[in-house]
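This report refers to the structure that appears directly beneath it.
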Amino acid sequence: MSYTHPPGLPIVDAMTPAVLVLAGPVTRDEVTELGDEVRALLRTTGAGVVVCDVAGLGPPGLGTVDLLARLQLAARRAGGRIRLRDPDPALHALLDLVGIRFEVEGQAEQGEPALGVEEEVEPGEPAV
C-alpha cells in the first residue's frame, strides 16, 4: 500500500506552533542537531514560534542555559523564536540570573494584561 501526498502546500494551523520536546541531559554534539531541528520546524510549519518542552531536561545548569540560548539564536536567524513550556522554577531563576529572557507559555505577552485581570474603567462605564 502506498500513499502519495496531495498537490500543493500542506495545511498548517498557524495558531498551533510546533513542539520540540527536550528530554534528559543534552550533550554538546546534540546541540547542533537540535538547532537544525528548530530551523526545520520553523521552515516546514510556517509558524514563527517553536515551543520547547523543557520539563524533561532535569536539574538546570549552565549547560541548559547554553542550549536554550543557542536554540533561540538558531530560531532568530531563521526568522522565528522559541517559547518554553513547563520550565522548572529553578531554570526560570537561573535564566533571570544570567540575564536571558524567554517567552514562557501561560505568561502574558509584553504589553498585555495577565489573564483574569480587569482593566480599570472610568466611573459609569461598564467593566470589560
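By order of appearance in the C-alpha cells: chains A, B, ..., then residues from 1 within every chain, and ligands from 1 in the order shown.
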Report as a VMD selection string all protein, DNA and RNA residues lying within 10 Å of Asp66 (chain A), evaluated on only C-alpha atoms, omitting residues in the same chain fewer than 5 positions from it.
chain A and resid 28 31 61 71 to 72
Just to be explicit: take each residue in the selection above, keep N, CA, C and O atoms, and write the result as a CSV table (one decimal), in the first residue's frame.
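What follows is the written file out_36.csv:
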```csv
chain,number,residue,atom,x,y,z
A,28,ARG,N,26.8,18.1,24.0
A,28,ARG,CA,27.2,19.2,23.2
A,28,ARG,C,27.0,18.8,21.7
A,28,ARG,O,26.7,19.7,20.9
A,31,VAL,N,23.4,19.5,20.5
A,31,VAL,CA,23.0,21.0,20.4
A,31,VAL,C,22.9,21.4,19.0
A,31,VAL,O,21.9,22.0,18.6
A,61,GLY,N,21.2,23.8,34.7
A,61,GLY,CA,22.6,24.2,34.9
A,61,GLY,C,23.0,25.1,33.8
A,61,GLY,O,22.2,25.5,32.9
A,71,LEU,N,19.5,27.6,20.9
A,71,LEU,CA,18.2,27.3,20.2
A,71,LEU,C,17.5,28.6,19.8
A,71,LEU,O,17.0,28.8,18.7
A,72,GLN,N,17.6,29.6,20.8
A,72,GLN,CA,16.9,30.9,20.5
A,72,GLN,C,17.7,31.6,19.3
A,72,GLN,O,17.0,32.2,18.5
```
Nearest to Cys52 (chain A): which of A:Val19, A:Val104, A:Leu95, A:Leu34 is it, counting only C-alpha atoms?
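Of A:Val19, A:Val104, A:Leu95, A:Leu34, the one nearest Cys52 (chain A) is A:Val19, counting only C-alpha atoms.
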Residue list (alpha helix (DSSP H), DSSP) for region 12-105 of chain A, as a PyMOL selection string
chain A and resi 28-45+62-77+89-98
One number please: CA of Leu68 (chain A) to CA of Leu42 (chain A), in Å, one decimal.
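Separation between CA of Leu68 (chain A) and CA of Leu42 (chain A): 16.0 Å.
Here CA of Ala18 (chain A) stands at a distance of 5.0 Å from CA of Val50 (chain A).
Taking CA of Thr27 (chain A) and CA of Val65 (chain A) as the two end points, the separation is 12.9 Å.
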So, with only C-alpha atoms as the atoms that count, which of A:Glu105, A:Val51, A:Glu30, A:Ile100 lies closest to Ala75 (chain A)?
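Closest to Ala75 (chain A), using only C-alpha atoms: A:Val51.
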Using only C-alpha atoms: which of A:Gly63, A:Gly56, A:Pro25, A:Gly99 has the shortest distance to Asp86 (chain A)
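That would be A:Gly56, the residue with the smallest distance to Asp86 (chain A).
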Using DSSP on the backbone, list every residue of region 17-86 of chain A that comes out as strand (DSSP E or B), and give them as number ranges by chain.
A: 18-23, 49-56, 81-85
Can you write out the residues you just picked, keeping all heavy atoms, as a short mmCIF file (atom, residue, chain, number, x, y, z; two decimals), in the first residue's frame?
```cif
data_model
loop_
_atom_site.label_atom_id
_atom_site.label_comp_id
_atom_site.auth_asym_id
_atom_site.auth_seq_id
_atom_site.Cartn_x
_atom_site.Cartn_y
_atom_site.Cartn_z
N ALA A 18 4.80 24.51 16.43
CA ALA A 18 5.47 23.21 16.51
C ALA A 18 6.04 23.03 17.91
O ALA A 18 6.40 24.00 18.58
CB ALA A 18 6.58 23.15 15.48
N VAL A 19 6.13 21.79 18.36
CA VAL A 19 6.65 21.50 19.70
C VAL A 19 7.88 20.62 19.57
O VAL A 19 7.88 19.62 18.85
CB VAL A 19 5.58 20.78 20.56
CG1 VAL A 19 6.16 20.42 21.92
CG2 VAL A 19 4.35 21.65 20.72
N LEU A 20 8.94 21.02 20.27
CA LEU A 20 10.17 20.25 20.35
C LEU A 20 10.34 19.83 21.80
O LEU A 20 10.46 20.69 22.68
CB LEU A 20 11.36 21.10 19.89
CG LEU A 20 12.74 20.47 19.98
CD1 LEU A 20 12.85 19.27 19.04
CD2 LEU A 20 13.80 21.50 19.64
N VAL A 21 10.33 18.53 22.06
CA VAL A 21 10.46 18.02 23.42
C VAL A 21 11.93 17.76 23.70
O VAL A 21 12.58 16.98 22.99
CB VAL A 21 9.63 16.73 23.62
CG1 VAL A 21 9.81 16.20 25.03
CG2 VAL A 21 8.16 17.01 23.33
N LEU A 22 12.45 18.43 24.73
CA LEU A 22 13.84 18.24 25.14
C LEU A 22 13.85 17.35 26.37
O LEU A 22 13.27 17.70 27.40
CB LEU A 22 14.48 19.60 25.46
CG LEU A 22 14.45 20.62 24.32
CD1 LEU A 22 14.96 21.96 24.80
CD2 LEU A 22 15.28 20.13 23.15
N ALA A 23 14.49 16.19 26.27
CA ALA A 23 14.49 15.24 27.37
C ALA A 23 15.91 14.86 27.76
O ALA A 23 16.77 14.72 26.90
CB ALA A 23 13.70 14.00 26.99
N VAL A 49 6.97 30.46 15.79
CA VAL A 49 7.35 30.04 17.14
C VAL A 49 7.50 28.53 17.18
O VAL A 49 6.70 27.79 16.61
CB VAL A 49 6.27 30.46 18.17
CG1 VAL A 49 6.62 29.95 19.56
CG2 VAL A 49 6.09 31.96 18.20
N VAL A 50 8.54 28.08 17.88
CA VAL A 50 8.69 26.67 18.22
C VAL A 50 8.62 26.59 19.74
O VAL A 50 9.36 27.28 20.44
CB VAL A 50 10.03 26.09 17.72
CG1 VAL A 50 10.24 24.68 18.25
CG2 VAL A 50 10.09 26.10 16.21
N VAL A 51 7.71 25.77 20.24
CA VAL A 51 7.58 25.58 21.68
C VAL A 51 8.55 24.49 22.09
O VAL A 51 8.53 23.38 21.54
CB VAL A 51 6.13 25.18 22.06
CG1 VAL A 51 6.04 24.86 23.53
CG2 VAL A 51 5.17 26.30 21.69
N CYS A 52 9.42 24.81 23.05
CA CYS A 52 10.37 23.83 23.57
C CYS A 52 9.88 23.36 24.93
O CYS A 52 9.85 24.13 25.89
CB CYS A 52 11.76 24.45 23.70
SG CYS A 52 12.53 24.82 22.13
N ASP A 53 9.48 22.09 24.99
CA ASP A 53 9.04 21.49 26.24
C ASP A 53 10.28 21.09 27.02
O ASP A 53 10.99 20.16 26.66
CB ASP A 53 8.16 20.27 25.96
CG ASP A 53 7.49 19.72 27.20
OD1 ASP A 53 8.03 19.93 28.32
OD2 ASP A 53 6.43 19.10 27.07
N VAL A 54 10.56 21.83 28.10
CA VAL A 54 11.79 21.63 28.86
C VAL A 54 11.57 20.90 30.18
O VAL A 54 12.47 20.82 31.00
CB VAL A 54 12.50 22.99 29.12
CG1 VAL A 54 12.97 23.61 27.83
CG2 VAL A 54 11.60 23.95 29.88
N ALA A 55 10.37 20.34 30.36
CA ALA A 55 10.05 19.66 31.63
C ALA A 55 10.96 18.46 31.88
O ALA A 55 11.27 18.15 33.03
CB ALA A 55 8.59 19.23 31.64
N GLY A 56 11.43 17.80 30.83
CA GLY A 56 12.24 16.59 31.00
C GLY A 56 13.73 16.81 30.99
O GLY A 56 14.50 15.85 30.94
N ARG A 81 11.26 32.41 16.82
CA ARG A 81 11.70 32.43 18.22
C ARG A 81 11.24 31.15 18.89
O ARG A 81 10.45 30.40 18.32
CB ARG A 81 11.16 33.65 18.95
CG ARG A 81 9.65 33.69 19.08
CD ARG A 81 9.19 35.01 19.70
NE ARG A 81 7.80 34.97 20.07
CZ ARG A 81 6.77 35.07 19.25
NH1 ARG A 81 6.99 35.22 17.96
NH2 ARG A 81 5.54 35.02 19.68
N ILE A 82 11.74 30.90 20.10
CA ILE A 82 11.27 29.75 20.84
C ILE A 82 10.51 30.22 22.06
O ILE A 82 10.71 31.34 22.55
CB ILE A 82 12.41 28.78 21.25
CG1 ILE A 82 13.39 29.43 22.22
CG2 ILE A 82 13.13 28.24 20.04
CD1 ILE A 82 14.36 28.46 22.83
N ARG A 83 9.62 29.37 22.51
CA ARG A 83 8.84 29.63 23.73
C ARG A 83 9.00 28.39 24.61
O ARG A 83 8.95 27.27 24.11
CB ARG A 83 7.37 29.82 23.36
CG ARG A 83 6.48 30.10 24.53
CD ARG A 83 5.02 30.22 24.13
NE ARG A 83 4.85 31.21 23.07
CZ ARG A 83 3.95 31.10 22.10
NH1 ARG A 83 3.14 30.06 22.03
NH2 ARG A 83 3.85 32.04 21.18
N LEU A 84 9.21 28.60 25.90
CA LEU A 84 9.42 27.48 26.81
C LEU A 84 8.09 26.97 27.36
O LEU A 84 7.20 27.77 27.69
CB LEU A 84 10.33 27.90 27.96
CG LEU A 84 11.70 28.45 27.58
CD1 LEU A 84 12.50 28.77 28.83
CD2 LEU A 84 12.45 27.47 26.70
N ARG A 85 8.00 25.65 27.48
CA ARG A 85 6.83 25.03 28.11
C ARG A 85 7.30 24.27 29.35
O ARG A 85 8.26 23.52 29.29
CB ARG A 85 6.17 24.05 27.14
CG ARG A 85 5.01 23.27 27.76
CD ARG A 85 4.42 22.28 26.81
NE ARG A 85 3.66 22.99 25.79
CZ ARG A 85 3.20 22.42 24.68
NH1 ARG A 85 3.43 21.14 24.45
NH2 ARG A 85 2.52 23.13 23.80
#
```
For Thr16 (chain A), which residue among A:Val98, A:Gly48, A:Leu67, A:Pro60 is the nearest when counting only C-alpha atoms?
A:Gly48
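Minimum atom-to-atom distance to Leu62 (chain A), evaluated using only C-alpha atoms, belongs to A:Ala93 out of A:Arg76, A:Ala93, A:Thr32, A:Phe102.
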Skip Ala78 (chain A) itself and residues of its chain fewer than 6 positions away, then list as a list in words all residues within 9 Å of it, counting only C-alpha atoms.
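Using only C-alpha atoms, the neighbours found are Val38, Arg39, Ala40, Leu42 and Arg43 of chain A.
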Save out the residues we just selected, N, CA, C and O atoms, as a PDB file, in the first residue's frame.
```pdb
ATOM      1  N   VAL A  38      15.147  22.963  15.085  1.00  0.00           N
ATOM      2  CA  VAL A  38      14.354  24.182  15.301  1.00  0.00           C
ATOM      3  C   VAL A  38      14.179  24.928  13.981  1.00  0.00           C
ATOM      4  O   VAL A  38      13.067  25.343  13.636  1.00  0.00           O
ATOM      5  N   ARG A  39      15.255  25.085  13.226  1.00  0.00           N
ATOM      6  CA  ARG A  39      15.162  25.769  11.930  1.00  0.00           C
ATOM      7  C   ARG A  39      14.239  25.019  10.971  1.00  0.00           C
ATOM      8  O   ARG A  39      13.430  25.630  10.264  1.00  0.00           O
ATOM      9  N   ALA A  40      14.333  23.700  10.964  1.00  0.00           N
ATOM     10  CA  ALA A  40      13.481  22.894  10.080  1.00  0.00           C
ATOM     11  C   ALA A  40      12.009  23.024  10.480  1.00  0.00           C
ATOM     12  O   ALA A  40      11.138  23.128   9.608  1.00  0.00           O
ATOM     13  N   LEU A  42      10.569  25.567  11.962  1.00  0.00           N
ATOM     14  CA  LEU A  42      10.113  26.899  11.565  1.00  0.00           C
ATOM     15  C   LEU A  42       9.849  26.955  10.060  1.00  0.00           C
ATOM     16  O   LEU A  42       8.866  27.545   9.616  1.00  0.00           O
ATOM     17  N   ARG A  43      10.722  26.326   9.299  1.00  0.00           N
ATOM     18  CA  ARG A  43      10.589  26.356   7.845  1.00  0.00           C
ATOM     19  C   ARG A  43       9.390  25.529   7.374  1.00  0.00           C
ATOM     20  O   ARG A  43       8.616  25.978   6.542  1.00  0.00           O
TER      21      ARG A  43
END
```
